[in-house]
4 protein chains.
Amino acid sequence: MEEQRQNTAILLMHCPDQPGIIAVITEFINTNGGNILYLAQYVDRENGVFYMRVEWDLSNFIIPEEKIADYFDTLYAGRYNMTYGISFTRRKQRMAIFVSKMSHCLYDMLARYIAGEWDVEIPVIISNHPDMKIAAEQFNIPYEHIPVTRDNKAEMEKLEFEILKKYDIDFIVLARYMQVLSEDFINRYPNKIINIHHSFLPAFVGAKPYHAAHERGVKLIGATSHYVTTDLDAGPIIEQDIVRITHKDTIDDLVKKGRDLEKIVLSRAVEKHIQRKILSYRNKTVVFS
Amino acid sequence: MEEQRQNTAILLMHCPDQPGIIAVITEFINTNGGNILYLAQYVDRENGVFYMRVEWDLSNFIIPEEKIADYFDTLYAGRYNMTYGISFTRRKQRMAIFVSKMSHCLYDMLARYIAGEWDVEIPVIISNHPDMKIAAEQFNIPYEHIPVTRDNKAEMEKLEFEILKKYDIDFIVLARYMQVLSEDFINRYPNKIINIHHSFLPAFVGAKPYHAAHERGVKLIGATSHYVTTDLDAGPIIEQDIVRITHKDTIDDLVKKGRDLEKIVLSRAVEKHIQRKILSYRNKTVVFS
Amino acid sequence: MEEQRQNTAILLMHCPDQPGIIAVITEFINTNGGNILYLAQYVDRENGVFYMRVEWDLSNFIIPEEKIADYFDTLYAGRYNMTYGISFTRRKQRMAIFVSKMSHCLYDMLARYIAGEWDVEIPVIISNHPDMKIAAEQFNIPYEHIPVTRDNKAEMEKLEFEILKKYDIDFIVLARYMQVLSEDFINRYPNKIINIHHSFLPAFVGAKPYHAAHERGVKLIGATSHYVTTDLDAGPIIEQDIVRITHKDTIDDLVKKGRDLEKIVLSRAVEKHIQRKILSYRNKTVVFS
Amino acid sequence: MEEQRQNTAILLMHCPDQPGIIAVITEFINTNGGNILYLAQYVDRENGVFYMRVEWDLSNFIIPEEKIADYFDTLYAGRYNMTYGISFTRRKQRMAIFVSKMSHCLYDMLARYIAGEWDVEIPVIISNHPDMKIAAEQFNIPYEHIPVTRDNKAEMEKLEFEILKKYDIDFIVLARYMQVLSEDFINRYPNKIINIHHSFLPAFVGAKPYHAAHERGVKLIGATSHYVTTDLDAGPIIEQDIVRITHKDTIDDLVKKGRDLEKIVLSRAVEKHIQRKILSYRNKTVVFS
């Protein structure tokens, strides 16, 4: 936590693998007065892709924050054919929560938020129902009720875009939000919308996965958090976990056991996103530890 | 273990739920001198089905073994519309193992067998390849090499039926057997063929599930043991478990991690079957503890 | 949930094992117009102890609620040497939460409470610190700040007893409450005080278990919920679970990973207690499913 | 597997942390024609210790195998105050299994061995009992029956040392070996003796942990593999795992459930050791992934 509030830069990148990339990047940072606090890398040998996350202290870094990307671009990005992002921990990221009627994931995140577990701001909660207004009020967060339906989606999403802009939102968490977002919406936030699906994907895609799991007679149920893509429940998986069930468990029991699973799996994914420890590529994630 | 070698009868049954079934059955056993050692029951309230497993000591039971089913039929089965089976622990069940080239599930079962962990006989191992003959020889078990292919399946299965008959086989375990059995074969052994599938079913049905899991970028891989039905990988699930993986794991790593999972999941299912603790109904299992 | 709000009686009992107990009890209920909704029993053969939980509908039960125990006493308790308790679901149990400064277990329970997951009343939160007053206010629950220390414990506990009496409290949950209760306190609430200890007991009893776990270099950390007895961290265990760690995890990481574990493990235990599904005997628990 | 059979060198090292160590070592390897196949490092910031594992291809490495350590010593070891070991994968490591009467861990390892899962030789099995001779014969491995007791330990261990020397043994696996080794024995094989203890250490040290677990009423049982030190069951932990139990499980059930746990946990540890992925320091292990 403390570390996150420091004045650091975080580089997340991937590029075709070739020797010497680590040396080049670390030298760039060291030479310019940056102190590397964290470096993790991974090479996908099968596809020849190099992934890296570097975080360095900016206290004595001689390149000003707003010019780092420029330098980086000129010196390395083209030369190594890199896809990269640089972010700065001085500014807290801003996260919007979308919720429908179920409270378990919402409260789990708000409890972490108020306890200071996460280095993030949650300036707004958006919902297609009025039910969770009470939770927003308890935690003193603006609640925007946007009654989206299949029919008014385009119009309502326009309102949502305004709200997201107004609150300067960086990424969105769907905390059991029961509306499918439009392609337009999803394309505006690539790898910036985190969803929790209440099954062990790719099993039981779509609606009512607990019913389907019960019908199939599985002995474990799962939950999956993933980035939302325009392909339903098929985006890059960030985190999954399961819980054991038996023949005695009714669908209601699955729903109940699933709640604890969903909130833990979603929160683990959100935390990794906040820490900028997730790289997404070819519909998969690299999650640094 | 000891318990199993006793002279007991095991009743596995299900029927439409109605009050008084337990009382009637237990009275039948008690009145005739049977001492109940184990009774477990479960009511599926949603579908109104009653399931029960009762095991009783036959030492002082006054109805002879060969007439118990008769009595039971006459007195209760019709009246309560029961589907049931009665088996006797005095005679060890006889299990055939079908295997292809992979040894991990085979050795795991043979090691349990020789250590006396399971109350079962394994009189024969059948394979479509010669590779595992060495394991059969190590454990002094006849090995029948039946080179089944898609084209000669009917003919080869005829040979297999003869072998299964010759060795008086009660049930079959497919220990990573890589051939699909014919409908005819499967229909001869309803709920008597146990398979291990190397995925968390219903995800990744069919061939090469580890490749598919790797492609999808899941964070857990699973294994599923189930009774074989004519619907590929869709029979009643007996047991499942998972193991955590990361982006670093290659397909080879999945195969490797999966091996330990497969052998444990298959052996758990086989053990429950040997103990006659599994009831199968509506393509699901009730597994008594 | 629904089931709990019905007008039912729950009998939890144990006694020396002997044949016919189930028959006798179920006949007593049936004969007097009770409809059995749930029956679970377990026999500890090693020690010859019979345990049972029965829940029955009181709608047509001809013995009035206040006389059931009397009847039961006269007819069976002495004869079978039973230890038993009868409770009624018409009245919601009342639970007090004791908390110090950490919020994660507290919020997890309050979120369940407000969502109606638990059939319980939480009329008061008691703390030795003022910090969690904000949570109490958010959820509109009275907060009693009783600044207990080692030196003023007797005096402060007197205040606590008054509060517990005033709010008619049935049982107490210690949600990371960092004060040891006096023997007098514990003896007033046998099997009525649920604690969460942040280790896999009996490893790492006492203070700072995460430090001890880190020092020992374990590869898993655990959490344990148990009934409080006068023997520190040695009461009957209700629920345990673990999470995997690695050499990379600092003590802070353990604390962080432990939080999710603690809240889930504590909440599972509290839920089982609310459902009166726990029987405690010889410093162990029987937890009915 | 394939990777291991290549002609590579593996460096495992730790030293006081300071900047530039990675650069220096990788430059040494690269300059001399080595191709780095694997590099993993970890910094224990709390204690200021740097750990690294590097594996490089020796095909074009210009320093001959027998002189690498010399060079390394002269150039870096003293300067950085390193503790290190260099090993070569061209030569398979040789592992001795010590066993008593229980077969489950033994068979699990032999099955992996014969399947070629592990890049290791198992030239001898040593036992204080004759019981497992049959397993040794099945897998065609010499079996040395050394009937150690408390009283003849010194004398018998002398025989064992001769056997270990004769078979040129690199490390020892205690596969539920029920004799405590002498201090002298342990000191000859520092971090070279892997034990499996059937509890979640540090809970239930010593004899009969399943009895102790049953007595305490835990809800999970564990297994722990660790390097043997002269402090009983207190050596550096390599791997742990657990399995869930309930009040219904007898001690026999724990023993049975524990067997699967023990064999998996032990085999995971042995595999990491074979791969030289374990660094031991201050009675803890760094296990590279």
# chains A, B, ... in the order shown; residues from 1 in each chain; ligands from 1
>>> residues_around(residues="segment 238-255 of chain B", least_positions_apart="4", cutoff="6 Å", atoms="only C-alpha atoms", output="PDB file with N, CA, C and O atoms, in the first residue's frame")
ATOM      1  N   LYS A 219     -19.539 -31.134  -9.500  1.00  0.00           N
ATOM      2  CA  LYS A 219     -19.169 -31.286  -8.091  1.00  0.00           C
ATOM      3  C   LYS A 219     -18.397 -30.075  -7.559  1.00  0.00           C
ATOM      4  O   LYS A 219     -18.004 -30.044  -6.390  1.00  0.00           O
ATOM      5  N   VAL A 286      -1.325 -11.849 -18.635  1.00  0.00           N
ATOM      6  CA  VAL A 286      -0.141 -12.124 -17.831  1.00  0.00           C
ATOM      7  C   VAL A 286      -0.369 -11.366 -16.530  1.00  0.00           C
ATOM      8  O   VAL A 286      -0.581 -10.151 -16.555  1.00  0.00           O
TER       9      VAL A 286
ATOM     10  N   LYS B 219      -7.166 -19.954 -15.565  1.00  0.00           N
ATOM     11  CA  LYS B 219      -6.231 -19.871 -14.448  1.00  0.00           C
ATOM     12  C   LYS B 219      -6.283 -21.119 -13.558  1.00  0.00           C
ATOM     13  O   LYS B 219      -5.569 -21.206 -12.554  1.00  0.00           O
ATOM     14  N   LEU B 220      -7.157 -22.041 -13.897  1.00  0.00           N
ATOM     15  CA  LEU B 220      -7.254 -23.327 -13.204  1.00  0.00           C
ATOM     16  C   LEU B 220      -7.464 -24.398 -14.253  1.00  0.00           C
ATOM     17  O   LEU B 220      -8.161 -24.158 -15.237  1.00  0.00           O
ATOM     18  N   ILE B 221      -6.879 -25.574 -14.065  1.00  0.00           N
ATOM     19  CA  ILE B 221      -7.263 -26.708 -14.907  1.00  0.00           C
ATOM     20  C   ILE B 221      -7.921 -27.758 -14.023  1.00  0.00           C
ATOM     21  O   ILE B 221      -7.680 -27.810 -12.818  1.00  0.00           O
ATOM     22  N   GLY B 222      -8.753 -28.585 -14.636  1.00  0.00           N
ATOM     23  CA  GLY B 222      -9.512 -29.552 -13.859  1.00  0.00           C
ATOM     24  C   GLY B 222      -9.423 -30.950 -14.414  1.00  0.00           C
ATOM     25  O   GLY B 222      -8.833 -31.196 -15.469  1.00  0.00           O
ATOM     26  N   ALA B 223     -10.001 -31.870 -13.650  1.00  0.00           N
ATOM     27  CA  ALA B 223     -10.188 -33.245 -14.116  1.00  0.00           C
ATOM     28  C   ALA B 223     -11.535 -33.710 -13.590  1.00  0.00           C
ATOM     29  O   ALA B 223     -11.979 -33.267 -12.531  1.00  0.00           O
ATOM     30  N   THR B 224     -12.170 -34.579 -14.355  1.00  0.00           N
ATOM     31  CA  THR B 224     -13.532 -35.016 -14.053  1.00  0.00           C
ATOM     32  C   THR B 224     -13.632 -36.523 -14.247  1.00  0.00           C
ATOM     33  O   THR B 224     -13.311 -37.019 -15.323  1.00  0.00           O
ATOM     34  N   SER B 225     -14.105 -37.229 -13.231  1.00  0.00           N
ATOM     35  CA  SER B 225     -14.408 -38.647 -13.445  1.00  0.00           C
ATOM     36  C   SER B 225     -15.921 -38.801 -13.524  1.00  0.00           C
ATOM     37  O   SER B 225     -16.660 -38.151 -12.778  1.00  0.00           O
ATOM     38  N   HIS B 226     -16.350 -39.627 -14.455  1.00  0.00           N
ATOM     39  CA  HIS B 226     -17.794 -39.742 -14.703  1.00  0.00           C
ATOM     40  C   HIS B 226     -18.105 -41.128 -15.242  1.00  0.00           C
ATOM     41  O   HIS B 226     -17.211 -41.828 -15.762  1.00  0.00           O
ATOM     42  N   ALA B 269     -13.050 -41.613  -7.439  1.00  0.00           N
ATOM     43  CA  ALA B 269     -14.298 -42.100  -8.037  1.00  0.00           C
ATOM     44  C   ALA B 269     -14.367 -43.624  -7.987  1.00  0.00           C
ATOM     45  O   ALA B 269     -15.399 -44.199  -7.632  1.00  0.00           O
TER      46      ALA B 269
END
>>> calpha_fit_and_write(fixed="chain D", moving="chain A", output="tab-separated table (two decimals) with C-alpha atoms, in the first residue's frame")
chain	number	residue	atom	x	y	z
A	1	MET	CA	12.10	-32.85	-19.18
A	2	GLU	CA	13.87	-32.45	-22.48
A	3	GLU	CA	15.42	-29.25	-21.28
A	4	GLN	CA	16.92	-31.04	-18.30
A	5	ARG	CA	18.70	-33.59	-20.42
A	6	GLN	CA	20.49	-30.83	-22.32
A	7	ASN	CA	24.05	-29.94	-21.51
A	8	THR	CA	23.47	-27.03	-19.16
A	9	ALA	CA	24.93	-25.52	-16.00
A	10	ILE	CA	22.76	-24.38	-13.13
A	11	LEU	CA	23.90	-21.73	-10.67
A	12	LEU	CA	22.02	-21.38	-7.40
A	13	MET	CA	23.27	-18.55	-5.20
A	14	HIS	CA	22.48	-16.06	-2.50
A	15	CYS	CA	24.41	-13.08	-1.18
A	16	PRO	CA	23.87	-9.72	0.50
A	17	ASP	CA	21.74	-7.66	-1.87
A	18	GLN	CA	23.46	-4.93	-3.86
A	19	PRO	CA	22.84	-3.35	-7.26
A	20	GLY	CA	24.29	-4.88	-10.37
A	21	ILE	CA	24.60	-8.53	-9.43
A	22	ILE	CA	22.33	-9.76	-12.21
A	23	ALA	CA	24.20	-7.70	-14.78
A	24	VAL	CA	27.57	-9.01	-13.64
A	25	ILE	CA	26.56	-12.66	-13.67
A	26	THR	CA	24.69	-12.53	-16.94
A	27	GLU	CA	27.58	-10.74	-18.58
A	28	PHE	CA	29.96	-13.43	-17.33
A	29	ILE	CA	27.80	-16.07	-18.95
A	30	ASN	CA	27.12	-14.21	-22.17
A	31	THR	CA	30.70	-13.08	-22.70
A	32	ASN	CA	31.94	-16.64	-22.43
A	33	GLY	CA	29.48	-18.01	-24.96
A	34	GLY	CA	26.78	-19.31	-22.66
A	35	ASN	CA	23.15	-18.99	-23.71
A	36	ILE	CA	20.89	-18.25	-20.72
A	37	LEU	CA	17.82	-20.49	-20.76
A	38	TYR	CA	16.30	-19.55	-17.43
A	39	LEU	CA	16.88	-16.78	-14.94
A	40	ALA	CA	14.89	-16.23	-11.80
A	41	GLN	CA	15.78	-14.00	-8.90
A	42	TYR	CA	14.25	-12.89	-5.68
A	43	VAL	CA	15.24	-10.21	-3.20
A	44	ASP	CA	14.34	-10.61	0.46
A	45	ARG	CA	14.19	-6.88	1.19
A	46	GLU	CA	13.57	-7.38	4.89
A	47	ASN	CA	16.89	-9.13	5.35
A	48	GLY	CA	18.68	-7.67	2.35
A	49	VAL	CA	19.42	-11.00	0.69
A	50	PHE	CA	19.58	-11.59	-3.05
A	51	TYR	CA	18.73	-15.06	-4.42
A	52	MET	CA	19.20	-16.23	-7.99
A	53	ARG	CA	18.95	-19.30	-10.16
A	54	VAL	CA	20.48	-19.18	-13.63
A	55	GLU	CA	20.63	-22.02	-16.12
A	56	TRP	CA	22.66	-21.74	-19.31
A	57	ASP	CA	23.50	-23.88	-22.30
A	58	LEU	CA	27.10	-25.11	-22.26
A	59	SER	CA	27.30	-26.06	-25.95
A	60	ASN	CA	29.40	-23.05	-26.86
A	61	PHE	CA	30.61	-22.07	-23.41
A	62	ILE	CA	34.33	-21.57	-23.60
A	63	ILE	CA	35.17	-22.29	-19.97
A	64	PRO	CA	35.42	-26.06	-19.41
A	65	GLU	CA	32.93	-27.55	-16.98
A	66	GLU	CA	35.53	-28.42	-14.37
A	67	LYS	CA	36.92	-24.89	-14.28
A	68	ILE	CA	33.67	-22.92	-14.07
A	69	ALA	CA	33.54	-22.98	-10.28
A	70	ASP	CA	37.16	-21.80	-10.14
A	71	TYR	CA	36.52	-18.84	-12.37
A	72	PHE	CA	33.36	-18.03	-10.53
A	73	ASP	CA	35.13	-18.19	-7.19
A	74	THR	CA	37.94	-15.94	-8.24
A	75	LEU	CA	35.82	-13.38	-10.01
A	76	TYR	CA	32.65	-13.06	-8.00
A	77	ALA	CA	32.10	-15.27	-5.01
A	78	GLY	CA	34.43	-13.42	-2.68
A	79	ARG	CA	33.68	-10.01	-4.03
A	80	TYR	CA	29.93	-10.38	-3.47
A	81	ASN	CA	30.15	-12.63	-0.45
A	82	MET	CA	28.14	-15.29	-2.26
A	83	THR	CA	27.08	-18.71	-1.12
A	84	TYR	CA	26.57	-20.70	-4.27
A	85	GLY	CA	26.46	-24.06	-5.99
A	86	ILE	CA	26.97	-24.95	-9.63
A	87	SER	CA	25.64	-28.20	-11.03
A	88	PHE	CA	25.54	-29.76	-14.45
A	89	THR	CA	22.55	-31.45	-16.04
A	90	ARG	CA	24.63	-33.70	-18.28
A	91	ARG	CA	24.98	-36.04	-15.32
A	92	LYS	CA	21.75	-37.33	-13.82
A	93	GLN	CA	21.47	-36.91	-10.09
A	94	ARG	CA	21.25	-40.10	-8.08
A	95	MET	CA	18.55	-40.46	-5.46
A	96	ALA	CA	18.17	-43.07	-2.72
A	97	ILE	CA	14.77	-43.84	-1.27
A	98	PHE	CA	14.46	-44.80	2.40
A	99	VAL	CA	11.21	-46.54	3.25
A	100	SER	CA	9.72	-48.53	6.12
A	101	LYS	CA	6.49	-50.48	5.60
A	102	MET	CA	4.14	-48.05	3.87
A	103	SER	CA	4.09	-48.22	0.09
A	104	HIS	CA	2.08	-45.23	-1.14
A	105	CYS	CA	4.87	-42.65	-1.44
A	106	LEU	CA	7.29	-45.27	-2.74
A	107	TYR	CA	5.03	-46.46	-5.55
A	108	ASP	CA	4.13	-42.91	-6.48
A	109	MET	CA	7.81	-42.11	-7.01
A	110	LEU	CA	8.63	-45.36	-8.78
A	111	ALA	CA	5.73	-44.85	-11.17
A	112	ARG	CA	7.04	-41.38	-12.04
A	113	TYR	CA	10.54	-42.78	-12.37
A	114	ILE	CA	9.63	-45.54	-14.79
A	115	ALA	CA	7.46	-43.17	-16.81
A	116	GLY	CA	10.45	-40.85	-17.23
A	117	GLU	CA	8.74	-37.94	-15.48
A	118	TRP	CA	11.87	-37.19	-13.46
A	119	ASP	CA	15.41	-36.60	-14.68
A	120	VAL	CA	16.97	-38.75	-11.98
A	121	GLU	CA	18.45	-42.17	-11.29
A	122	ILE	CA	17.12	-44.27	-8.42
A	123	PRO	CA	19.85	-46.89	-7.98
A	124	VAL	CA	18.86	-48.18	-4.55
A	125	ILE	CA	16.05	-48.45	-2.01
A	126	ILE	CA	17.05	-48.79	1.65
A	127	SER	CA	14.68	-49.99	4.37
A	128	ASN	CA	14.63	-50.96	8.01
A	129	HIS	CA	12.04	-53.62	7.12
A	130	PRO	CA	11.85	-56.33	4.46
A	131	ASP	CA	8.28	-55.50	3.43
A	132	MET	CA	8.92	-53.28	0.44
A	133	LYS	CA	11.38	-55.64	-1.23
A	134	ILE	CA	8.55	-56.68	-3.52
A	135	ALA	CA	8.19	-53.15	-4.88
A	136	ALA	CA	11.92	-52.88	-5.45
A	137	GLU	CA	11.85	-56.15	-7.37
A	138	GLN	CA	8.89	-55.08	-9.49
A	139	PHE	CA	10.86	-52.04	-10.59
A	140	ASN	CA	14.16	-53.88	-10.73
A	141	ILE	CA	15.97	-51.72	-8.17
A	142	PRO	CA	18.40	-53.10	-5.57
A	143	TYR	CA	16.84	-53.26	-2.10
A	144	GLU	CA	19.02	-53.03	0.97
A	145	HIS	CA	17.45	-54.21	4.17
A	146	ILE	CA	19.23	-52.50	7.08
A	147	PRO	CA	17.32	-53.31	10.28
A	148	VAL	CA	18.08	-50.11	12.20
A	149	THR	CA	16.81	-49.80	15.73
A	150	ARG	CA	17.42	-47.20	18.39
A	151	ASP	CA	20.12	-49.39	19.84
A	152	ASN	CA	22.15	-50.32	16.77
A	153	LYS	CA	21.76	-47.02	14.95
A	154	ALA	CA	25.45	-46.03	14.78
A	155	GLU	CA	26.49	-49.41	13.44
A	156	MET	CA	23.65	-49.69	10.96
A	157	GLU	CA	24.14	-46.15	9.69
A	158	LYS	CA	27.72	-47.06	8.94
A	159	LEU	CA	26.36	-49.73	6.58
A	160	GLU	CA	24.04	-47.18	5.06
A	161	PHE	CA	26.90	-44.77	4.42
A	162	GLU	CA	28.71	-47.51	2.55
A	163	ILE	CA	25.69	-48.22	0.43
A	164	LEU	CA	25.17	-44.52	-0.30
A	165	LYS	CA	28.80	-44.25	-1.29
A	166	LYS	CA	28.72	-47.39	-3.40
A	167	TYR	CA	25.74	-46.11	-5.35
A	168	ASP	CA	27.18	-42.59	-5.56
A	169	ILE	CA	24.03	-41.05	-4.08
A	170	ASP	CA	23.46	-37.29	-4.31
A	171	PHE	CA	20.34	-36.96	-2.19
A	172	ILE	CA	17.96	-39.01	-0.10
A	173	VAL	CA	14.17	-39.16	0.05
A	174	LEU	CA	12.51	-40.45	3.21
A	175	ALA	CA	9.27	-41.97	1.91
A	176	ARG	CA	7.52	-42.37	5.25
A	177	TYR	CA	10.73	-43.76	6.79
A	178	MET	CA	9.91	-44.30	10.45
A	179	GLN	CA	13.39	-44.02	11.97
A	180	VAL	CA	15.01	-40.83	13.22
A	181	LEU	CA	18.41	-40.32	11.59
A	182	SER	CA	21.43	-39.56	13.75
A	183	GLU	CA	22.92	-36.08	13.88
A	184	ASP	CA	26.01	-37.45	12.20
A	185	PHE	CA	23.92	-38.78	9.31
A	186	ILE	CA	21.99	-35.53	8.91
A	187	ASN	CA	25.13	-33.42	9.00
A	188	ARG	CA	26.63	-35.40	6.13
A	189	TYR	CA	23.68	-34.48	3.89
A	190	PRO	CA	22.73	-30.84	4.51
A	191	ASN	CA	19.68	-29.90	2.40
A	192	LYS	CA	20.03	-33.29	0.77
A	193	ILE	CA	17.51	-35.29	2.78
A	194	ILE	CA	13.84	-34.70	1.96
A	195	ASN	CA	11.23	-35.92	4.41
A	196	ILE	CA	7.43	-36.05	4.29
A	197	HIS	CA	5.69	-35.37	7.59
A	198	HIS	CA	2.01	-36.21	7.80
A	199	SER	CA	0.81	-32.97	9.34
A	200	PHE	CA	0.57	-29.30	8.54
A	201	LEU	CA	3.79	-28.35	10.32
A	202	PRO	CA	4.43	-26.80	12.77
A	203	ALA	CA	1.20	-28.33	14.08
A	204	PHE	CA	1.52	-31.90	15.29
A	205	VAL	CA	5.27	-32.39	15.32
A	206	GLY	CA	6.49	-35.89	16.11
A	207	ALA	CA	4.77	-39.25	16.18
A	208	LYS	CA	1.13	-39.99	15.40
A	209	PRO	CA	0.05	-36.62	13.97
A	210	TYR	CA	-3.22	-38.01	12.63
A	211	HIS	CA	-4.16	-39.16	16.10
A	212	ALA	CA	-3.32	-35.72	17.44
A	213	ALA	CA	-5.29	-34.02	14.65
A	214	HIS	CA	-8.30	-36.20	15.38
A	215	GLU	CA	-8.02	-35.50	19.08
A	216	ARG	CA	-7.87	-31.73	18.48
A	217	GLY	CA	-10.85	-31.83	16.15
A	218	VAL	CA	-9.30	-29.95	13.23
A	219	LYS	CA	-11.30	-29.52	10.03
A	220	LEU	CA	-8.31	-29.88	7.68
A	221	ILE	CA	-5.34	-32.24	7.72
A	222	GLY	CA	-2.05	-31.45	6.09
A	223	ALA	CA	1.24	-32.84	4.88
A	224	THR	CA	4.61	-31.13	4.82
A	225	SER	CA	7.78	-31.96	2.92
A	226	HIS	CA	10.94	-30.45	4.30
A	227	TYR	CA	14.69	-30.83	4.41
A	228	VAL	CA	15.80	-32.81	7.42
A	229	THR	CA	17.78	-30.96	10.05
A	230	THR	CA	18.88	-32.13	13.46
A	231	ASP	CA	15.82	-30.42	14.92
A	232	LEU	CA	12.97	-32.93	14.57
A	233	ASP	CA	10.35	-31.92	11.97
A	234	ALA	CA	11.71	-28.38	12.08
A	235	GLY	CA	13.78	-28.19	8.89
A	236	PRO	CA	13.15	-25.81	5.98
A	237	ILE	CA	9.67	-26.42	4.52
A	238	ILE	CA	9.58	-27.11	0.79
A	239	GLU	CA	5.91	-27.80	0.16
A	240	GLN	CA	2.65	-28.20	2.07
A	241	ASP	CA	-0.93	-28.97	1.23
A	242	ILE	CA	-4.13	-29.89	3.02
A	243	VAL	CA	-7.34	-31.82	2.55
A	244	ARG	CA	-10.71	-31.13	4.17
A	245	ILE	CA	-12.08	-33.54	6.77
A	246	THR	CA	-15.23	-33.60	8.88
A	247	HIS	CA	-16.32	-34.84	12.27
A	248	LYS	CA	-17.33	-38.08	10.56
A	249	ASP	CA	-13.75	-38.99	9.71
A	250	THR	CA	-12.16	-41.55	12.01
A	251	ILE	CA	-8.42	-41.79	12.50
A	252	ASP	CA	-8.43	-44.50	9.82
A	253	ASP	CA	-10.14	-42.09	7.45
A	254	LEU	CA	-7.49	-39.48	8.18
A	255	VAL	CA	-4.76	-42.00	7.46
A	256	LYS	CA	-6.46	-42.87	4.19
A	257	LYS	CA	-7.08	-39.29	3.06
A	258	GLY	CA	-3.60	-38.40	4.22
A	259	ARG	CA	-1.94	-40.96	1.96
A	260	ASP	CA	-2.92	-39.16	-1.24
A	261	LEU	CA	-1.82	-35.89	0.27
A	262	GLU	CA	1.54	-37.23	1.42
A	263	LYS	CA	2.48	-38.73	-1.90
A	264	ILE	CA	1.57	-35.62	-3.90
A	265	VAL	CA	3.31	-33.24	-1.48
A	266	LEU	CA	6.45	-35.36	-1.32
A	267	SER	CA	6.63	-35.79	-5.08
A	268	ARG	CA	6.24	-32.07	-5.69
A	269	ALA	CA	9.15	-31.41	-3.34
A	270	VAL	CA	11.34	-34.10	-4.88
A	271	GLU	CA	10.68	-32.75	-8.35
A	272	LYS	CA	11.69	-29.23	-7.34
A	273	HIS	CA	14.86	-30.64	-5.77
A	274	ILE	CA	15.70	-32.63	-8.89
A	275	GLN	CA	15.27	-29.46	-10.94
A	276	ARG	CA	17.62	-27.63	-8.52
A	277	LYS	CA	14.94	-25.03	-8.00
A	278	ILE	CA	15.21	-24.88	-4.21
A	279	LEU	CA	17.50	-22.56	-2.27
A	280	SER	CA	17.64	-23.03	1.47
A	281	TYR	CA	18.67	-20.20	3.79
A	282	ARG	CA	17.96	-19.35	7.42
A	283	ASN	CA	15.80	-22.46	7.77
A	284	LYS	CA	13.46	-21.39	4.97
A	285	THR	CA	13.31	-22.24	1.30
A	286	VAL	CA	13.12	-20.14	-1.80
A	287	VAL	CA	11.37	-22.32	-4.38
A	288	PHE	CA	11.69	-20.99	-7.92
A	289	SER	CA	8.79	-21.56	-10.29
>>> select_by_dssp(residues="segment 79-157 of chain B", states="helix (DSSP H, G or I)", output="list in words")
Arg79, Tyr80, His104, Cys105, Leu106, Tyr107, Asp108, Met109, Leu110, Ala111, Arg112, Tyr113, Ile114, Lys133, Ile134, Ala135, Ala136, Glu137, Gln138, Lys153, Ala154, Glu155, Met156 and Glu157 of chain B
>>> decode(residues="segment 197-208 of chain B", atoms="C-alpha atoms", output="compact mmCIF listing (two decimals), in the first residue's frame")
# COMPACT_ATOMS: atom_id res chain seq x y z
CA HIS B 197 -11.56 -36.70 -18.55
CA HIS B 198 -8.73 -34.22 -18.29
CA SER B 199 -10.81 -31.08 -17.97
CA PHE B 200 -13.28 -29.46 -15.65
CA LEU B 201 -16.36 -30.69 -17.51
CA PRO B 202 -18.48 -29.39 -19.14
CA ALA B 203 -15.64 -27.11 -20.24
CA PHE B 204 -13.36 -28.55 -22.89
CA VAL B 205 -15.29 -31.63 -23.95
CA GLY B 206 -13.54 -33.93 -26.41
CA ALA B 207 -9.95 -34.20 -27.54
CA LYS B 208 -7.00 -32.11 -26.37
